[in-house]
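Engineer: One file is attached below, run12.txt, containing compact mmCIF, C-alpha atoms.
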# COMPACT_ATOMS: atom_id res chain seq x y z
CA MET A 1 -28.29 20.71 40.77
CA THR A 2 -25.84 22.93 42.65
CA THR A 3 -26.73 26.64 42.59
CA LEU A 4 -23.84 29.09 42.49
CA ARG A 5 -23.80 32.84 42.70
CA PRO A 6 -23.92 34.27 39.19
CA PRO A 7 -20.59 35.15 37.59
CA ARG A 8 -19.48 38.30 35.88
CA ALA A 9 -17.29 36.23 33.58
CA LEU A 10 -17.51 32.65 32.29
CA LEU A 11 -14.18 31.08 31.29
CA PRO A 12 -14.44 27.59 29.75
CA ASP A 13 -11.54 25.42 28.64
CA HIS A 14 -11.30 24.68 24.92
CA GLY A 15 -10.70 20.94 24.46
CA GLY A 16 -13.05 18.75 26.47
CA VAL A 17 -15.39 21.62 27.33
CA LEU A 18 -16.11 23.95 24.42
CA MET A 19 -15.01 21.43 21.78
CA ARG A 20 -15.03 17.65 21.49
CA SER A 21 -12.48 15.60 19.55
CA VAL A 22 -12.65 12.37 17.56
CA ARG A 23 -9.22 10.82 17.04
CA ARG A 24 -8.16 9.98 13.47
CA PRO A 25 -5.00 7.86 13.80
CA GLU A 26 -5.42 6.58 10.24
CA ARG A 27 -4.47 10.05 8.94
CA MET A 28 -1.08 10.16 10.63
CA ALA A 29 0.68 8.11 7.93
CA ALA A 30 -0.16 10.77 5.34
CA PHE A 31 1.16 13.41 7.74
CA ALA A 32 4.41 11.46 8.07
CA ASP A 33 4.72 11.51 4.27
CA ARG A 34 4.33 15.30 4.37
CA VAL A 35 7.12 15.59 6.95
CA LEU A 36 9.35 13.26 4.95
CA ALA A 37 8.83 15.35 1.81
CA LEU A 38 9.85 18.44 3.76
CA VAL A 39 13.04 17.14 5.35
CA GLY A 40 14.17 15.15 2.31
CA ALA A 41 14.20 11.45 1.52
CA ARG A 42 18.01 11.36 1.31
CA THR A 43 18.35 11.82 5.06
CA GLY A 44 18.00 8.08 5.65
CA LEU A 45 14.53 8.51 7.13
CA ASP A 46 11.44 6.77 5.81
CA ARG A 47 7.73 7.02 6.57
CA ASP A 48 7.82 4.44 9.34
CA ALA A 49 10.75 6.15 11.04
CA VAL A 50 9.11 9.56 10.85
CA LEU A 51 5.78 8.23 12.12
CA ARG A 52 7.51 6.39 14.95
CA ASP A 53 9.39 9.54 16.00
CA VAL A 54 6.28 11.72 15.76
CA ASN A 55 4.38 9.33 18.02
CA ALA A 56 7.32 9.01 20.42
CA GLY A 57 7.73 12.79 20.53
CA LYS A 58 4.04 13.31 21.25
CA ALA A 59 4.21 10.73 24.06
CA ALA A 60 7.25 12.46 25.55
CA TYR A 61 5.47 15.81 25.33
CA ARG A 62 2.43 14.37 27.14
CA ALA A 63 4.68 13.05 29.91
CA TRP A 64 6.40 16.44 30.15
CA LYS A 65 3.03 18.18 30.43
CA ASN A 66 1.77 15.76 33.07
CA GLY A 67 4.88 16.34 35.18
CA GLY A 68 4.45 20.08 34.90
CA VAL A 69 1.16 20.12 36.77
CA ARG A 70 3.10 19.63 40.00
CA THR A 71 4.99 22.90 39.54
CA PRO A 72 3.57 26.27 40.62
CA GLU A 73 4.12 28.07 37.29
CA PRO A 74 4.49 25.49 34.50
CA ARG A 75 5.77 26.92 31.25
CA GLU A 76 4.74 26.01 27.72
CA ILE A 77 7.35 24.80 25.28
CA GLY A 78 7.83 26.48 21.92
CA HIS A 79 6.82 24.91 18.62
CA ARG A 80 10.44 24.70 17.48
CA GLU A 81 11.42 23.09 20.78
CA LEU A 82 8.74 20.45 20.33
CA TRP A 83 10.04 19.47 16.91
CA GLU A 84 13.78 19.76 17.47
CA ASP A 85 13.95 18.31 21.00
CA PHE A 86 10.95 15.96 21.28
CA ILE A 87 10.30 14.64 17.77
CA ALA A 88 13.40 15.10 15.61
CA ALA A 89 16.08 14.83 18.29
CA ASP A 90 17.84 11.90 16.57
CA TRP A 91 17.39 13.02 12.98
CA PRO A 92 20.34 14.16 10.86
CA PRO A 93 21.18 17.81 11.67
CA ALA A 94 19.86 19.18 8.37
CA ALA A 95 16.53 17.36 8.74
CA ARG A 96 16.21 18.43 12.36
CA ALA A 97 16.88 22.06 11.43
CA LEU A 98 14.34 21.97 8.60
CA ALA A 99 11.67 20.57 10.90
CA GLY A 100 12.45 23.27 13.44
CA ALA A 101 12.24 26.03 10.85
CA GLU A 102 8.79 24.80 9.77
CA ALA A 103 7.60 23.99 13.28
CA VAL A 104 4.49 26.18 13.28
CA PRO A 105 2.94 24.88 10.03
CA LEU A 106 3.95 21.34 11.02
CA CYS A 107 2.17 21.72 14.35
CA ARG A 108 -0.89 22.97 12.53
CA GLU A 109 -0.93 20.07 10.06
CA MET A 110 -0.27 17.54 12.81
CA THR A 111 -3.14 18.86 14.94
CA LEU A 112 -5.54 18.80 11.99
CA ALA A 113 -4.47 15.26 11.10
CA GLU A 114 -4.82 13.92 14.64
CA SER A 115 -8.53 14.53 15.14
CA ASP A 116 -11.77 16.11 14.00
CA LYS A 117 -13.23 18.70 16.36
CA THR A 118 -16.88 19.59 16.84
CA LEU A 119 -18.67 22.08 19.06
CA ALA A 120 -19.87 20.39 22.24
CA PRO A 121 -23.67 20.24 22.68
CA GLY A 122 -25.07 23.08 24.74
CA MET A 123 -21.95 25.24 24.63
CA LEU A 124 -23.10 27.75 22.02
CA GLU A 125 -26.35 28.17 23.95
CA THR A 126 -24.35 28.66 27.16
CA LEU A 127 -22.27 31.41 25.58
CA ARG A 128 -25.41 33.06 24.22
CA LEU A 129 -27.08 32.94 27.62
CA ALA A 130 -24.04 34.56 29.18
CA ARG A 131 -24.03 37.30 26.55
CA ASP A 132 -27.76 37.94 27.03
CA HIS A 133 -27.17 38.51 30.76
CA GLY A 134 -24.11 40.72 30.40
CA VAL A 135 -21.66 38.01 31.51
CA ARG A 136 -18.26 38.36 29.82
CA THR A 137 -16.83 35.20 28.25
CA GLY A 138 -13.42 33.88 27.33
CA ILE A 139 -11.35 30.78 26.72
CA VAL A 140 -8.43 29.73 28.94
CA SER A 141 -6.72 26.69 27.49
CA ASN A 142 -3.52 24.72 27.25
CA THR A 143 -3.02 24.15 23.55
CA LEU A 144 -0.34 23.46 21.00
CA LEU A 145 -1.57 26.11 18.57
CA GLY A 146 -3.92 28.83 19.74
CA SER A 147 -4.21 30.31 16.25
CA LEU A 148 -5.85 27.10 15.08
CA ASN A 149 -8.40 27.32 17.90
CA ARG A 150 -9.16 30.92 16.90
CA ASP A 151 -9.81 29.74 13.33
CA LEU A 152 -12.03 26.98 14.69
CA ALA A 153 -14.02 29.47 16.79
CA ARG A 154 -14.80 31.44 13.63
CA HIS A 155 -15.74 28.26 11.78
CA VAL A 156 -18.17 26.89 14.41
CA GLY A 157 -19.71 30.25 15.27
CA THR A 158 -18.45 30.80 18.82
CA ASP A 159 -16.11 33.70 17.97
CA PRO A 160 -18.79 36.44 18.27
CA TYR A 161 -19.52 35.25 21.83
CA LEU A 162 -15.91 35.17 23.04
CA ASP A 163 -14.50 38.38 24.50
CA VAL A 164 -10.99 37.00 25.05
CA GLN A 165 -9.04 33.84 24.23
CA VAL A 166 -5.96 32.90 26.28
CA TYR A 167 -3.81 30.05 24.96
CA SER A 168 -0.71 28.57 26.55
CA ASP A 169 1.45 28.66 23.41
CA GLU A 170 0.79 32.40 23.04
CA ILE A 171 1.56 33.42 26.64
CA GLY A 172 4.25 30.85 27.53
CA LEU A 173 2.38 29.57 30.61
CA ARG A 174 0.38 26.39 31.09
CA LYS A 175 -2.41 25.65 33.52
CA PRO A 176 -2.39 25.17 36.48
CA ALA A 177 -0.34 28.38 36.49
CA PRO A 178 -2.83 30.85 37.98
CA GLY A 179 -1.61 33.58 35.65
CA THR A 180 -3.51 31.98 32.79
CA ILE A 181 -6.91 32.66 34.37
CA ARG A 182 -5.84 35.96 35.92
CA LEU A 183 -4.73 37.23 32.52
CA ALA A 184 -8.18 36.52 31.08
CA ALA A 185 -9.89 38.22 34.02
CA ARG A 186 -7.74 41.33 33.61
CA ALA A 187 -8.47 41.43 29.88
CA LEU A 188 -12.19 41.37 30.70
CA SER A 189 -11.85 43.98 33.48
CA VAL A 190 -13.47 41.51 35.88
CA ASP A 191 -12.27 40.53 39.34
CA VAL A 192 -11.03 36.95 39.20
CA ALA A 193 -13.25 36.17 42.22
CA ASP A 194 -16.27 36.94 40.03
CA CYS A 195 -15.32 34.35 37.37
CA TRP A 196 -16.47 30.82 36.81
CA TYR A 197 -13.79 28.59 35.35
CA VAL A 198 -14.91 25.39 33.60
CA GLY A 199 -12.41 22.62 32.88
CA ASP A 200 -12.27 18.86 32.49
CA HIS A 201 -9.20 17.88 34.54
CA TYR A 202 -8.65 17.87 38.28
CA ASP A 203 -4.88 18.47 38.18
CA ARG A 204 -4.86 21.19 35.52
CA ASP A 205 -8.22 22.89 35.81
CA VAL A 206 -9.55 22.52 39.34
CA VAL A 207 -6.09 23.23 40.75
CA CYS A 208 -5.71 26.23 38.43
CA GLY A 209 -9.06 27.67 39.49
CA ARG A 210 -8.16 27.31 43.15
CA ARG A 211 -4.72 28.86 42.67
CA ALA A 212 -6.15 31.78 40.72
CA GLY A 213 -8.92 32.43 43.27
CA VAL A 214 -11.91 32.15 40.97
CA GLY A 215 -15.40 32.41 42.37
CA ALA A 216 -16.30 28.90 41.22
CA THR A 217 -14.43 26.06 39.56
CA ILE A 218 -16.68 23.71 37.59
CA LEU A 219 -15.57 20.29 36.39
CA MET A 220 -17.12 18.99 33.18
CA ARG A 221 -16.67 15.23 33.18
CA PRO A 222 -18.90 12.15 32.83
CA ALA A 223 -20.08 10.84 36.19
CA GLY A 224 -18.22 7.57 35.67
CA ARG A 225 -14.89 9.40 35.34
CA ARG A 226 -15.13 11.52 38.47
CA ASP A 227 -12.81 10.98 41.42
CA ALA A 228 -14.15 11.75 44.87
CA SER A 229 -10.64 11.34 46.32
CA ALA A 230 -9.07 14.01 44.11
CA ARG A 231 -7.97 17.19 45.82
CA PRO A 232 -9.06 19.87 45.48
CA GLN A 233 -12.63 19.12 44.49
CA PRO A 234 -14.57 21.49 42.19
CA ASP A 235 -17.39 23.71 43.40
CA ALA A 236 -19.77 22.01 40.96
CA GLU A 237 -19.72 19.12 38.48
CA VAL A 238 -21.53 18.84 35.17
CA THR A 239 -21.61 16.05 32.62
CA ASP A 240 -21.73 18.22 29.50
CA GLY A 241 -22.57 21.60 28.04
CA LEU A 242 -26.28 21.08 28.50
CA GLU A 243 -25.85 20.65 32.25
CA LEU A 244 -23.55 23.68 32.30
CA LEU A 245 -26.29 25.65 30.52
CA GLY A 246 -28.74 24.63 33.23
CA LEU A 247 -26.30 25.52 35.99
CA LEU A 248 -25.66 28.97 34.53
CA ARG A 249 -29.36 29.59 33.89
CA SER A 250 -30.16 28.64 37.49
CA ALA A 251 -27.55 31.06 38.80
CA LEU A 252 -28.60 33.93 36.53
CA THR A 253 -32.34 33.61 36.91
CA GLY A 254 -32.62 32.14 40.40
CA ASN A 255 -32.80 33.85 43.77
CA GLY A 256 -29.04 34.25 44.18
CA THR A 257 -27.69 37.79 44.07
CA ARG A 258 -24.93 38.87 41.70
CA PRO A 259 -21.63 38.95 43.61
CA ARG A 260 -19.93 42.25 44.29
CA PRO A 261 -16.37 42.76 42.96
CA GLY A 262 -14.03 40.61 45.01
CA GLN A 263 -16.82 38.44 46.38
CA GLY A 264 -16.49 34.80 45.33
CA ALA A 265 -19.14 32.27 44.50
CA ALA A 266 -20.56 30.02 47.14
CA ALA A 267 -22.24 26.68 46.72
How does the structure come out when it is put into structure tokens?
Structural biologist:
Amino acid sequence: MTTLRPPRALLPDHGGVLMRSVRRPERMAAFADRVLALVGARTGLDRDAVLRDVNAGKAAYRAWKNGGVRTPEPREIGHRELWEDFIAADWPPAARALAGAEAVPLCREMTLAESDKTLAPGMLETLRLARDHGVRTGIVSNTLLGSLNRDLARHVGTDPYLDVQVYSDEIGLRKPAPGTIRLAARALSVDVADCWYVGDHYDRDVVCGRRAGVGATILMRPAGRRDASARPQPDAEVTDGLELLGLLRSALTGNGTRPRPGQGAAA
């Protein structure tokens, strides 16, 4: 296993690193009924139309996000923008306005309906190990609703081990904008070069770590889904939280010396 110089801050992504998701598409019909009840049945919409537009809007949002990774400072869209311009764009004006006015609770209900989330194996232990060794910790994540992730952190028990949480919908920036990681480092009073950033995407996370100038960028991804041709490559790769735990333990208890402020990690 690769040995890295120990960090002063550990910054994992939320989805795909700290948390794992199981999709629940069968729940989306009930969510469409909830939306229909909100905007009113006399608009000419029905459940199938609402569900079709929700799915089409989500697909358009994914495409928009994927295109944004090629820009140096991708922005995050607002909740109202998502509903009025991506999902309800062709609805009657009154229905579109109602959806926009209730965009935040609708985003929350949609996210809860889409999937069940569980704490990834090894991640709580990784956060505890970091805390035991004086390593600051924080989340840096692109997300539709950071407040929901904060609630989830309290529910699964990670909140006491997180010193900062940076979410794209709250700051208006999306990874790979380097400001996302730099904001977390400043909040922790740690030089960004003394941070490890852990993500699960090459184009969002590895690129973001490189742009921000972190000490080490770590990719968490199954071996069968890694791409040796992707550029840039991470400093280390782990399959899951248990391997990340081992990597951090090796760095903290091995022969490597703790980096000085401004001194990055080396493989």
Engineer: Could you check which of A:Arg210, A:His201, A:Arg70, A:His14 is closest to Pro222 of chain A, using all atoms listed in the file?
Structural biologist: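 Result for the nearest residue to Pro222 of chain A: A:His201.
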Engineer: So that I can check the surroundings of segment 224-232 of chain A, please list as a PyMOL selection string every protein, DNA and RNA residue that reaches within 12 Å of it, counting all atoms listed in the file and ignoring chain neighbours fewer than 4 positions away.
Structural biologist: chain A and resi 200-211+217-220+236-239
Engineer: List every residue of segment 74-174 of chain A that has an atom at most 10 Å from any atom of segment 27-43 of chain A, giving for each one its closest atom pair and the distance in Å to one decimal, counting all atoms listed in the file, sorted by chain and then by ascending residue number, as JSON lines.
Structural biologist:
{"residue": "A:Trp91", "atom": "CA", "partner": "A:Thr43", "partner_atom": "CA", "distance": 8.1}
{"residue": "A:Pro92", "atom": "CA", "partner": "A:Thr43", "partner_atom": "CA", "distance": 6.6}
{"residue": "A:Pro93", "atom": "CA", "partner": "A:Thr43", "partner_atom": "CA", "distance": 9.4}
{"residue": "A:Ala94", "atom": "CA", "partner": "A:Val39", "partner_atom": "CA", "distance": 7.7}
{"residue": "A:Ala95", "atom": "CA", "partner": "A:Val39", "partner_atom": "CA", "distance": 4.9}
{"residue": "A:Arg96", "atom": "CA", "partner": "A:Val39", "partner_atom": "CA", "distance": 7.8}
{"residue": "A:Ala97", "atom": "CA", "partner": "A:Val39", "partner_atom": "CA", "distance": 8.7}
{"residue": "A:Leu98", "atom": "CA", "partner": "A:Val39", "partner_atom": "CA", "distance": 6.0}
{"residue": "A:Ala99", "atom": "CA", "partner": "A:Val39", "partner_atom": "CA", "distance": 6.7}
{"residue": "A:Glu102", "atom": "CA", "partner": "A:Leu38", "partner_atom": "CA", "distance": 8.8}
{"residue": "A:Leu106", "atom": "CA", "partner": "A:Val35", "partner_atom": "CA", "distance": 7.7}
{"residue": "A:Glu109", "atom": "CA", "partner": "A:Phe31", "partner_atom": "CA", "distance": 7.4}
{"residue": "A:Met110", "atom": "CA", "partner": "A:Phe31", "partner_atom": "CA", "distance": 6.7}
{"residue": "A:Thr111", "atom": "CA", "partner": "A:Met28", "partner_atom": "CA", "distance": 9.9}
{"residue": "A:Leu112", "atom": "CA", "partner": "A:Arg27", "partner_atom": "CA", "distance": 9.3}
{"residue": "A:Ala113", "atom": "CA", "partner": "A:Arg27", "partner_atom": "CA", "distance": 5.6}
{"residue": "A:Glu114", "atom": "CA", "partner": "A:Met28", "partner_atom": "CA", "distance": 6.6}
{"residue": "A:Ser115", "atom": "CA", "partner": "A:Arg27", "partner_atom": "CA", "distance": 8.7}
Engineer: Take the point (7.5, 26.4, 36.9) in the file's coordinates, draw a sphere of radius 12 Å around it, and report as a compact mmCIF listing (two decimals) with C-alpha atoms, in the frame of the given file every protein, DNA or RNA residue with an atom inside or on it, counting only C-alpha atoms.
Structural biologist:
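Ended up saving to part-v5.txt:
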# COMPACT_ATOMS: atom_id res chain seq x y z
CA LYS A 65 3.03 18.18 30.43
CA GLY A 67 4.88 16.34 35.18
CA GLY A 68 4.45 20.08 34.90
CA VAL A 69 1.16 20.12 36.77
CA ARG A 70 3.10 19.63 40.00
CA THR A 71 4.99 22.90 39.54
CA PRO A 72 3.57 26.27 40.62
CA GLU A 73 4.12 28.07 37.29
CA PRO A 74 4.49 25.49 34.50
CA ARG A 75 5.77 26.92 31.25
CA GLU A 76 4.74 26.01 27.72
CA ILE A 77 7.35 24.80 25.28
CA GLY A 172 4.25 30.85 27.53
CA LEU A 173 2.38 29.57 30.61
CA ARG A 174 0.38 26.39 31.09
CA LYS A 175 -2.41 25.65 33.52
CA PRO A 176 -2.39 25.17 36.48
CA ALA A 177 -0.34 28.38 36.49
CA PRO A 178 -2.83 30.85 37.98
CA GLY A 179 -1.61 33.58 35.65
Engineer: Rounded to one decimal, what separation in Å do you get between atom CA of Cys195 of chain A and atom CA of Ser141 of chain A?
Structural biologist: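 Distance between the two atoms: 15.2 Å.
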Engineer: Could you check which of A:Met123, A:Leu252, A:Ala49, A:Ala212 is closest to Met19 of chain A, using all atoms listed in the file?
Structural biologist: A:Met123
Engineer: Counting all atoms listed in the file, which residue out of A:Ala63, A:Ala251, A:Asn149, A:Asp116 sits closest to Pro25 of chain A?
Structural biologist: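 Smallest separation from Pro25 of chain A among the options: A:Asp116.
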Engineer: Measuring between only C-alpha atoms, which one of A:Thr118, A:Ser21, A:Asn55, A:Ser189 shows the shortest distance to His155 of chain A?
Structural biologist: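 Between A:Thr118, A:Ser21, A:Asn55, A:Ser189, the residue approaching His155 of chain A most closely is A:Thr118.
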Engineer: Just give me the gap between atom CA of Asp191 of chain A and atom CA of Val156 of chain A in Å, one decimal is fine.
Structural biologist: 29.0 Å
Engineer: Choose the residue, out of A:Thr137, A:Asn142, A:Gln233, A:Gln165, that has the smallest atom-to-atom separation from Val190 of chain A; count all atoms listed in the file.
Structural biologist: A:Thr137
Engineer: List the neighbours of Thr158 of chain A out to 12 Å using all atoms listed in the file; skip same-chain residues closer than 3 positions along the sequence, and give me the result as a PDB file with C-alpha atoms, keeping the file's coordinate frame.
Structural biologist:
ATOM      1  CA  HIS A  14     -11.300  24.680  24.920  1.00  0.00           C
ATOM      2  CA  LEU A  18     -16.110  23.950  24.420  1.00  0.00           C
ATOM      3  CA  MET A  19     -15.010  21.430  21.780  1.00  0.00           C
ATOM      4  CA  THR A 118     -16.880  19.590  16.840  1.00  0.00           C
ATOM      5  CA  LEU A 119     -18.670  22.080  19.060  1.00  0.00           C
ATOM      6  CA  ALA A 120     -19.870  20.390  22.240  1.00  0.00           C
ATOM      7  CA  GLY A 122     -25.070  23.080  24.740  1.00  0.00           C
ATOM      8  CA  MET A 123     -21.950  25.240  24.630  1.00  0.00           C
ATOM      9  CA  LEU A 124     -23.100  27.750  22.020  1.00  0.00           C
ATOM     10  CA  GLU A 125     -26.350  28.170  23.950  1.00  0.00           C
ATOM     11  CA  THR A 126     -24.350  28.660  27.160  1.00  0.00           C
ATOM     12  CA  LEU A 127     -22.270  31.410  25.580  1.00  0.00           C
ATOM     13  CA  ARG A 128     -25.410  33.060  24.220  1.00  0.00           C
ATOM     14  CA  ARG A 131     -24.030  37.300  26.550  1.00  0.00           C
ATOM     15  CA  THR A 137     -16.830  35.200  28.250  1.00  0.00           C
ATOM     16  CA  GLY A 138     -13.420  33.880  27.330  1.00  0.00           C
ATOM     17  CA  ILE A 139     -11.350  30.780  26.720  1.00  0.00           C
ATOM     18  CA  ASN A 149      -8.400  27.320  17.900  1.00  0.00           C
ATOM     19  CA  ARG A 150      -9.160  30.920  16.900  1.00  0.00           C
ATOM     20  CA  ASP A 151      -9.810  29.740  13.330  1.00  0.00           C
ATOM     21  CA  LEU A 152     -12.030  26.980  14.690  1.00  0.00           C
ATOM     22  CA  ALA A 153     -14.020  29.470  16.790  1.00  0.00           C
ATOM     23  CA  ARG A 154     -14.800  31.440  13.630  1.00  0.00           C
ATOM     24  CA  HIS A 155     -15.740  28.260  11.780  1.00  0.00           C
ATOM     25  CA  TYR A 161     -19.520  35.250  21.830  1.00  0.00           C
ATOM     26  CA  LEU A 162     -15.910  35.170  23.040  1.00  0.00           C
ATOM     27  CA  ASP A 163     -14.500  38.380  24.500  1.00  0.00           C
ATOM     28  CA  VAL A 164     -10.990  37.000  25.050  1.00  0.00           C
ATOM     29  CA  GLN A 165      -9.040  33.840  24.230  1.00  0.00           C
TER      30      GLN A 165
END
Engineer: Could you please determine the separation between atom CA of Glu81 of chain A and atom CA of Val22 of chain A in Å, to one decimal place?
Structural biologist: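 Atom CA of Glu81 of chain A sits 26.5 Å away from atom CA of Val22 of chain A.
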Engineer: Hey, what's within 8 Å of Trp83 of chain A if we count only C-alpha atoms and toss same-chain stuff fewer than 3 positions away? As number ranges by chain, please?
Structural biologist: A: 57, 79-80, 86-89, 96, 99-100, 103
Engineer: Ranking A:Ile181, A:Leu248, A:Leu45, A:Ala216 by minimum distance to Trp196 of chain A and counting all atoms listed in the file, which one comes first?
Structural biologist: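 The shortest atom-to-atom distance to Trp196 of chain A comes from A:Ala216.
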